[in-house]
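This is target.pdb. It holds PDB, C-alpha atoms and all ligand atoms.
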ATOM      1  CA  MET C   1       0.000   0.000   0.000  1.00  0.00           C
ATOM      2  CA  VAL C   2       1.230   3.481  -0.820  1.00  0.00           C
ATOM      3  CA  SER C   3       1.806   5.521   2.348  1.00  0.00           C
ATOM      4  CA  TYR C   4       0.197   8.901   2.985  1.00  0.00           C
ATOM      5  CA  GLU C   5       3.638  10.526   2.729  1.00  0.00           C
ATOM      6  CA  GLU C   6       4.399   8.878  -0.612  1.00  0.00           C
ATOM      7  CA  LEU C   7       1.042   9.990  -2.010  1.00  0.00           C
ATOM      8  CA  ASP C   8       1.642  13.504  -0.712  1.00  0.00           C
ATOM      9  CA  LYS C   9       5.000  13.635  -2.522  1.00  0.00           C
ATOM     10  CA  GLN C  10       3.451  12.223  -5.699  1.00  0.00           C
ATOM     11  CA  TYR C  11       0.532  14.713  -5.641  1.00  0.00           C
ATOM     12  CA  TYR C  12       2.782  17.656  -4.743  1.00  0.00           C
ATOM     13  CA  GLU C  13       5.207  16.915  -7.606  1.00  0.00           C
ATOM     14  CA  HIS C  14       2.297  16.383 -10.021  1.00  0.00           C
ATOM     15  CA  ILE C  15       0.867  19.793  -9.055  1.00  0.00           C
ATOM     16  CA  ILE C  16       4.208  21.607  -9.374  1.00  0.00           C
ATOM     17  CA  ARG C  17       4.678  20.050 -12.832  1.00  0.00           C
ATOM     18  CA  ASN C  18       1.120  20.926 -13.890  1.00  0.00           C
ATOM     19  CA  LEU C  19       1.402  24.523 -12.663  1.00  0.00           C
ATOM     20  CA  LYS C  20       4.656  24.903 -14.597  1.00  0.00           C
ATOM     21  CA  ASP C  21       3.118  23.374 -17.744  1.00  0.00           C
ATOM     22  CA  ARG C  22       0.227  25.852 -17.441  1.00  0.00           C
ATOM     23  CA  GLY C  23       2.639  28.787 -17.093  1.00  0.00           C
ATOM     24  CA  VAL C  24       2.601  29.307 -13.332  1.00  0.00           C
ATOM     25  CA  GLU C  25       5.789  29.306 -11.223  1.00  0.00           C
ATOM     26  CA  LEU C  26       5.813  29.338  -7.416  1.00  0.00           C
ATOM     27  CA  GLU C  27       7.466  32.782  -7.692  1.00  0.00           C
ATOM     28  CA  ASP C  28       4.351  34.083  -9.489  1.00  0.00           C
ATOM     29  CA  ILE C  29       2.181  32.938  -6.586  1.00  0.00           C
ATOM     30  CA  ALA C  30       4.679  34.344  -4.059  1.00  0.00           C
ATOM     31  CA  GLU C  31       4.414  37.723  -5.787  1.00  0.00           C
ATOM     32  CA  ILE C  32       0.649  37.705  -5.107  1.00  0.00           C
ATOM     33  CA  VAL C  33       1.179  36.647  -1.476  1.00  0.00           C
ATOM     34  CA  ILE C  34       3.669  39.485  -0.891  1.00  0.00           C
ATOM     35  CA  PHE C  35       1.301  41.972  -2.581  1.00  0.00           C
ATOM     36  CA  LEU C  36      -1.523  40.889  -0.248  1.00  0.00           C
ATOM     37  CA  GLU C  37       0.408  40.512   3.010  1.00  0.00           C
ATOM     38  CA  LYS C  38       3.228  43.073   2.909  1.00  0.00           C
ATOM     39  CA  ASP C  39       1.323  45.500   5.165  1.00  0.00           C
ATOM     40  CA  TYR C  40       0.584  42.756   7.727  1.00  0.00           C
ATOM     41  CA  VAL C  41       3.824  40.765   7.842  1.00  0.00           C
ATOM     42  CA  LYS C  42       6.713  43.186   8.162  1.00  0.00           C
ATOM     43  CA  GLY C  43       9.685  42.218   5.980  1.00  0.00           C
ATOM     44  CA  LEU C  44       7.829  39.397   4.224  1.00  0.00           C
ATOM     45  CA  ASN C  45      10.134  38.014   1.556  1.00  0.00           C
ATOM     46  CA  ASN C  46       9.996  35.562  -1.336  1.00  0.00           C
ATOM     47  CA  ASP C  47      11.425  32.620   0.683  1.00  0.00           C
ATOM     48  CA  VAL C  48       8.852  32.882   3.465  1.00  0.00           C
ATOM     49  CA  ALA C  49       6.005  33.418   0.984  1.00  0.00           C
ATOM     50  CA  ILE C  50       7.094  30.248  -0.844  1.00  0.00           C
ATOM     51  CA  HIS C  51       7.330  28.381   2.479  1.00  0.00           C
ATOM     52  CA  ALA C  52       3.664  29.290   3.124  1.00  0.00           C
ATOM     53  CA  ILE C  53       2.640  28.325  -0.435  1.00  0.00           C
ATOM     54  CA  LYS C  54       4.317  24.915  -0.018  1.00  0.00           C
ATOM     55  CA  LYS C  55       2.316  24.369   3.188  1.00  0.00           C
ATOM     56  CA  VAL C  56      -0.851  24.860   1.122  1.00  0.00           C
ATOM     57  CA  LEU C  57       0.394  22.626  -1.699  1.00  0.00           C
ATOM     58  CA  HIS C  58       1.062  19.796   0.768  1.00  0.00           C
ATOM     59  CA  LYS C  59      -2.458  19.870   2.226  1.00  0.00           C
ATOM     60  CA  ARG C  60      -4.452  16.963   0.818  1.00  0.00           C
ATOM     61  CA  GLU C  61      -7.778  18.769   0.357  1.00  0.00           C
ATOM     62  CA  ALA C  62      -5.981  21.622  -1.412  1.00  0.00           C
ATOM     63  CA  GLN C  63      -4.115  19.108  -3.601  1.00  0.00           C
ATOM     64  CA  ASN C  64      -7.393  17.412  -4.556  1.00  0.00           C
ATOM     65  CA  ALA C  65      -9.005  20.707  -5.573  1.00  0.00           C
ATOM     66  CA  ILE C  66      -5.963  21.795  -7.603  1.00  0.00           C
ATOM     67  CA  MET C  67      -5.569  18.448  -9.398  1.00  0.00           C
ATOM     68  CA  THR C  68      -9.296  18.298 -10.231  1.00  0.00           C
ATOM     69  CA  GLY C  69      -9.475  21.862 -11.538  1.00  0.00           C
ATOM     70  CA  ILE C  70      -6.355  21.658 -13.701  1.00  0.00           C
ATOM     71  CA  GLU C  71      -7.486  18.293 -15.097  1.00  0.00           C
ATOM     72  CA  LEU C  72     -10.809  19.812 -16.229  1.00  0.00           C
ATOM     73  CA  ASP C  73      -9.012  22.778 -17.849  1.00  0.00           C
ATOM     74  CA  VAL C  74      -6.659  20.443 -19.735  1.00  0.00           C
ATOM     75  CA  LEU C  75      -9.459  18.112 -20.886  1.00  0.00           C
ATOM     76  CA  ALA C  76     -11.509  21.094 -22.087  1.00  0.00           C
ATOM     77  CA  GLU C  77      -8.491  22.471 -23.961  1.00  0.00           C
ATOM     78  CA  LYS C  78      -8.209  19.112 -25.758  1.00  0.00           C
ATOM     79  CA  GLY C  79     -11.958  19.227 -26.532  1.00  0.00           C
ATOM     80  CA  LEU C  80     -12.570  16.041 -24.551  1.00  0.00           C
ATOM     81  CA  LEU C  81     -15.587  17.040 -22.445  1.00  0.00           C
ATOM     82  CA  SER C  82     -19.166  16.290 -23.463  1.00  0.00           C
ATOM     83  CA  ALA C  83     -21.325  18.970 -25.045  1.00  0.00           C
ATOM     84  CA  PRO C  84     -22.732  21.223 -22.313  1.00  0.00           C
ATOM     85  CA  MET C  85     -19.573  21.151 -20.211  1.00  0.00           C
ATOM     86  CA  GLN C  86     -17.286  21.669 -23.203  1.00  0.00           C
ATOM     87  CA  ARG C  87     -19.210  24.793 -24.182  1.00  0.00           C
ATOM     88  CA  ILE C  88     -19.290  26.129 -20.604  1.00  0.00           C
ATOM     89  CA  MET C  89     -15.517  25.703 -20.331  1.00  0.00           C
ATOM     90  CA  GLU C  90     -14.765  27.168 -23.778  1.00  0.00           C
ATOM     91  CA  THR C  91     -16.837  30.286 -23.088  1.00  0.00           C
ATOM     92  CA  ASP C  92     -15.781  30.487 -19.410  1.00  0.00           C
ATOM     93  CA  GLU C  93     -19.458  31.056 -18.644  1.00  0.00           C
ATOM     94  CA  SER C  94     -19.683  33.695 -15.941  1.00  0.00           C
ATOM     95  CA  THR C  95     -22.592  32.075 -14.077  1.00  0.00           C
ATOM     96  CA  TYR C  96     -20.972  28.606 -13.931  1.00  0.00           C
ATOM     97  CA  GLY C  97     -19.438  29.391 -10.529  1.00  0.00           C
ATOM     98  CA  ILE C  98     -18.028  25.949  -9.706  1.00  0.00           C
ATOM     99  CA  ASP C  99     -14.484  27.251 -10.306  1.00  0.00           C
ATOM    100  CA  GLU C 100     -15.028  29.990  -7.702  1.00  0.00           C
ATOM    101  CA  ASN C 101     -16.735  27.540  -5.331  1.00  0.00           C
ATOM    102  CA  MET C 102     -13.780  25.171  -5.570  1.00  0.00           C
ATOM    103  CA  ALA C 103     -11.414  28.077  -4.860  1.00  0.00           C
ATOM    104  CA  ILE C 104     -13.508  29.228  -1.884  1.00  0.00           C
ATOM    105  CA  THR C 105     -13.454  25.668  -0.500  1.00  0.00           C
ATOM    106  CA  LEU C 106      -9.654  25.637  -0.799  1.00  0.00           C
ATOM    107  CA  ALA C 107      -9.341  29.110   0.740  1.00  0.00           C
ATOM    108  CA  SER C 108     -11.699  28.128   3.599  1.00  0.00           C
ATOM    109  CA  LEU C 109      -9.114  25.607   4.804  1.00  0.00           C
ATOM    110  CA  TYR C 110      -7.095  28.639   6.002  1.00  0.00           C
ATOM    111  CA  GLY C 111      -9.858  30.706   7.595  1.00  0.00           C
ATOM    112  CA  SER C 112     -11.566  34.012   6.891  1.00  0.00           C
ATOM    113  CA  VAL C 113      -8.300  35.856   6.117  1.00  0.00           C
ATOM    114  CA  SER C 114      -7.841  33.499   3.208  1.00  0.00           C
ATOM    115  CA  VAL C 115     -11.444  33.631   1.938  1.00  0.00           C
ATOM    116  CA  THR C 116     -11.553  37.440   1.887  1.00  0.00           C
ATOM    117  CA  ASN C 117      -8.134  37.622   0.221  1.00  0.00           C
ATOM    118  CA  TYR C 118      -9.268  35.193  -2.477  1.00  0.00           C
ATOM    119  CA  GLY C 119     -12.275  37.399  -3.324  1.00  0.00           C
ATOM    120  CA  TYR C 120     -10.033  40.462  -3.401  1.00  0.00           C
ATOM    121  CA  VAL C 121      -7.398  39.088  -5.808  1.00  0.00           C
ATOM    122  CA  ASP C 122     -10.057  37.446  -7.947  1.00  0.00           C
ATOM    123  CA  LYS C 123     -11.563  40.879  -8.561  1.00  0.00           C
ATOM    124  CA  LEU C 124      -8.207  42.612  -9.077  1.00  0.00           C
ATOM    125  CA  LYS C 125      -6.706  39.885 -11.312  1.00  0.00           C
ATOM    126  CA  HIS C 126      -3.355  40.816  -9.843  1.00  0.00           C
ATOM    127  CA  GLY C 127      -0.060  39.590 -11.387  1.00  0.00           C
ATOM    128  CA  VAL C 128      -0.153  36.178 -13.055  1.00  0.00           C
ATOM    129  CA  LEU C 129      -3.955  36.074 -12.586  1.00  0.00           C
ATOM    130  CA  GLY C 130      -4.277  38.704 -15.337  1.00  0.00           C
ATOM    131  CA  LYS C 131      -2.247  36.508 -17.690  1.00  0.00           C
ATOM    132  CA  LEU C 132      -4.347  33.431 -16.861  1.00  0.00           C
ATOM    133  CA  ASN C 133      -7.521  35.406 -17.595  1.00  0.00           C
ATOM    134  CA  ASP C 134      -6.347  36.530 -21.020  1.00  0.00           C
ATOM    135  CA  LYS C 135      -8.800  34.767 -23.365  1.00  0.00           C
ATOM    136  CA  SER C 136      -6.814  35.735 -26.490  1.00  0.00           C
ATOM    137  CA  THR C 137      -4.211  33.025 -25.774  1.00  0.00           C
ATOM    138  CA  GLY C 138      -6.571  30.172 -26.738  1.00  0.00           C
ATOM    139  CA  LYS C 139      -5.825  28.511 -23.380  1.00  0.00           C
ATOM    140  CA  ILE C 140      -8.621  27.351 -21.100  1.00  0.00           C
ATOM    141  CA  ASN C 141      -7.913  28.362 -17.508  1.00  0.00           C
ATOM    142  CA  VAL C 142     -11.440  28.312 -16.098  1.00  0.00           C
ATOM    143  CA  PHE C 143     -10.282  26.661 -12.867  1.00  0.00           C
ATOM    144  CA  LEU C 144      -6.606  27.582 -12.795  1.00  0.00           C
ATOM    145  CA  ASP C 145      -7.028  31.348 -12.304  1.00  0.00           C
ATOM    146  CA  ASP C 146      -9.272  30.797  -9.287  1.00  0.00           C
ATOM    147  CA  LEU C 147      -7.100  28.032  -7.874  1.00  0.00           C
ATOM    148  CA  VAL C 148      -3.916  30.119  -8.133  1.00  0.00           C
ATOM    149  CA  GLY C 149      -5.717  32.992  -6.373  1.00  0.00           C
ATOM    150  CA  ALA C 150      -6.890  30.560  -3.693  1.00  0.00           C
ATOM    151  CA  ILE C 151      -3.391  29.070  -3.220  1.00  0.00           C
ATOM    152  CA  ALA C 152      -2.020  32.598  -2.689  1.00  0.00           C
ATOM    153  CA  ALA C 153      -4.920  33.451  -0.360  1.00  0.00           C
ATOM    154  CA  GLY C 154      -4.423  30.186   1.536  1.00  0.00           C
ATOM    155  CA  ALA C 155      -0.759  31.072   2.012  1.00  0.00           C
ATOM    156  CA  CYS C 156      -1.881  34.460   3.418  1.00  0.00           C
ATOM    157  CA  GLY C 157      -4.138  32.630   5.878  1.00  0.00           C
ATOM    158  CA  TRP C 158      -1.293  30.311   6.852  1.00  0.00           C
ATOM    159  CA  LEU C 159       1.006  33.325   7.472  1.00  0.00           C
ATOM    160  CA  ALA C 160      -1.671  35.037   9.588  1.00  0.00           C
ATOM    161  CA  HIS C 161      -2.253  31.951  11.745  1.00  0.00           C
ATOM    162  CA  ASN C 162       1.433  31.084  12.236  1.00  0.00           C
ATOM    163  CA  GLU C 163       2.878  34.385  13.368  1.00  0.00           C
ATOM    164  CA  VAL C 164       5.540  32.954  15.709  1.00  0.00           C
ATOM    165  CA  VAL C 165       6.845  30.512  13.080  1.00  0.00           C
ATOM    166  CA  VAL C 166       6.809  33.267  10.447  1.00  0.00           C
ATOM    167  CA  GLN C 167       8.853  35.610  12.660  1.00  0.00           C
ATOM    168  CA  GLU C 168      11.403  32.820  13.276  1.00  0.00           C
ATOM    169  CA  LEU C 169      11.668  32.122   9.527  1.00  0.00           C
ATOM    170  CA  LEU C 170      12.142  35.817   8.753  1.00  0.00           C
ATOM    171  CA  LYS C 171      14.883  36.072  11.418  1.00  0.00           C
ATOM    172  CA  MET C 172      16.707  33.064   9.915  1.00  0.00           C
ATOM    173  CA  ASP C 173      16.529  34.672   6.482  1.00  0.00           C
ATOM    174  CA  ASN C 174      18.092  37.953   7.664  1.00  0.00           C
TER
HETATM  175 MG    MG U   1     -12.413  30.989 -13.346  1.00  0.00          MG
END
Using structure tokens, write down the structure that the file contains.
Ligand code: MG
Amino acid sequence: MVSYEELDKQYYEHIIRNLKDRGVELEDIAEIVIFLEKDYVKGLNNDVAIHAIKKVLHKREAQNAIMTGIELDVLAEKGLLSAPMQRIMETDESTYGIDENMAITLASLYGSVSVTNYGYVDKLKHGVLGKLNDKSTGKINVFLDDLVGAIAAGACGWLAHNEVVVQELLKMDN
């Protein structure tokens, strides 16, 4: 039987690979985290932001949401979904809402700080989120834009709820 730790490693590596394939680096997500949290975590840097993002990417429920969302985007891009879903994904139908619901579920794992931050960056389309929303590329990122926003927001929640650890990490970095 595959252990929980082995599955975690497998899922984490799969997600990192998928994010990269879809044009998202951890640094892009860290940039959003720093944008959102710089006024709340003094001296927040790239390393600590990435530490928080990795915490999110190792959480099983977050992994499941990310893998599911990216899989649907990729299948839709290949034209492999059945008729109503294929059309919904191709047009990124604004009332579909399951992409946002999945992101809110992910963000909820890290409390209200995370949920409110997700809504905020989703509206702003800050940083890489703007690129993922660009429909002229021919890419389908119905789920990915929301999931990346939720990963960043989740990292913000993790930072807010782990103040002592965060201060220690920042001291080690300086
Ligand atoms: Mg979306």
Kindly assemble as a tab-separated table a list of the range 21-65 of chain C residues that lie within 9 Å of range 7-17 of chain C, each paired with its nearest atom pair and their distance in Å to one decimal, using only C-alpha atoms, sorted first by chain and then by ascending residue number.
residue	atom	partner	partner_atom	distance
C:Asp21	CA	C:Arg17	CA	6.1
C:Arg22	CA	C:Arg17	CA	8.6
C:Val24	CA	C:Ile16	CA	8.8
C:Glu25	CA	C:Ile16	CA	8.1
C:Leu26	CA	C:Ile16	CA	8.1
C:Lys54	CA	C:Tyr12	CA	8.8
C:Leu57	CA	C:Tyr12	CA	6.3
C:His58	CA	C:Tyr12	CA	6.2
C:Lys59	CA	C:Asp8	CA	8.1
C:Arg60	CA	C:Asp8	CA	7.2
C:Gln63	CA	C:Tyr11	CA	6.7
C:Asn64	CA	C:Tyr11	CA	8.4
- Task: List, as a PyMOL selection string, every residue that the PyMOL selection byres (((chain C and resi 73) around 12) and not hetatm) selects in the file provided.
- Result: chain C and resi 18-19+22+66-72+74-81+85-86+88-90+92+99+132+138-147
Give me the residues near Gly130 in chain C as a PDB file with C-alpha atoms, keeping the file's coordinate frame, where near means some atom within 12 Å (using all atoms listed in the file) and where sequence neighbours in that chain fewer than 3 positions away do not count.
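Everything below was put into out.pdb:
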ATOM      1  CA  VAL C  24       2.601  29.307 -13.332  1.00  0.00           C
ATOM      2  CA  ASP C  28       4.351  34.083  -9.489  1.00  0.00           C
ATOM      3  CA  ILE C  32       0.649  37.705  -5.107  1.00  0.00           C
ATOM      4  CA  VAL C 121      -7.398  39.088  -5.808  1.00  0.00           C
ATOM      5  CA  ASP C 122     -10.057  37.446  -7.947  1.00  0.00           C
ATOM      6  CA  LYS C 123     -11.563  40.879  -8.561  1.00  0.00           C
ATOM      7  CA  LEU C 124      -8.207  42.612  -9.077  1.00  0.00           C
ATOM      8  CA  LYS C 125      -6.706  39.885 -11.312  1.00  0.00           C
ATOM      9  CA  HIS C 126      -3.355  40.816  -9.843  1.00  0.00           C
ATOM     10  CA  GLY C 127      -0.060  39.590 -11.387  1.00  0.00           C
ATOM     11  CA  ASN C 133      -7.521  35.406 -17.595  1.00  0.00           C
ATOM     12  CA  ASP C 134      -6.347  36.530 -21.020  1.00  0.00           C
ATOM     13  CA  LYS C 135      -8.800  34.767 -23.365  1.00  0.00           C
ATOM     14  CA  SER C 136      -6.814  35.735 -26.490  1.00  0.00           C
ATOM     15  CA  THR C 137      -4.211  33.025 -25.774  1.00  0.00           C
ATOM     16  CA  ASN C 141      -7.913  28.362 -17.508  1.00  0.00           C
ATOM     17  CA  LEU C 144      -6.606  27.582 -12.795  1.00  0.00           C
ATOM     18  CA  ASP C 145      -7.028  31.348 -12.304  1.00  0.00           C
ATOM     19  CA  ASP C 146      -9.272  30.797  -9.287  1.00  0.00           C
ATOM     20  CA  VAL C 148      -3.916  30.119  -8.133  1.00  0.00           C
ATOM     21  CA  GLY C 149      -5.717  32.992  -6.373  1.00  0.00           C
TER      22      GLY C 149
END
- Query: Using only C-alpha atoms and all ligand atoms, which of C:Ala152, C:Val166, C:Leu159, C:Ile98 sits nearest ligand MG 1 (chain U)?
  - Reply: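 The closest residue to ligand MG 1 (chain U) is C:Ile98.
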- Message: Residues within 12 Å of Ala160 in chain C, please, as a list of chain:residue names. Count only C-alpha atoms; anything in the same chain fewer than 4 positions from it doesn't count.
- Response: C:Val33, C:Leu36, C:Glu37, C:Lys38, C:Asp39, C:Tyr40, C:Val41, C:Lys42, C:Leu44, C:Ala49, C:Ala52, C:Tyr110, C:Gly111, C:Ser112, C:Val113, C:Ser114, C:Asn117, C:Ala153, C:Gly154, C:Ala155, C:Cys156, C:Val164, C:Val165, C:Val166, C:Gln167
- Item | Interatomic distance, CA of Ala107 in chain C to CA of Val128 in chain C (Å, one decimal) |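 Result for CA of Ala107 in chain C versus CA of Val128 in chain C: 18.0 Å, one decimal.
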- Query: Rounded to one decimal in Å, what is the spacing between CA of Ile151 in chain C and CA of Ala62 in chain C?
  - Reply: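 It comes out at 8.1 Å.
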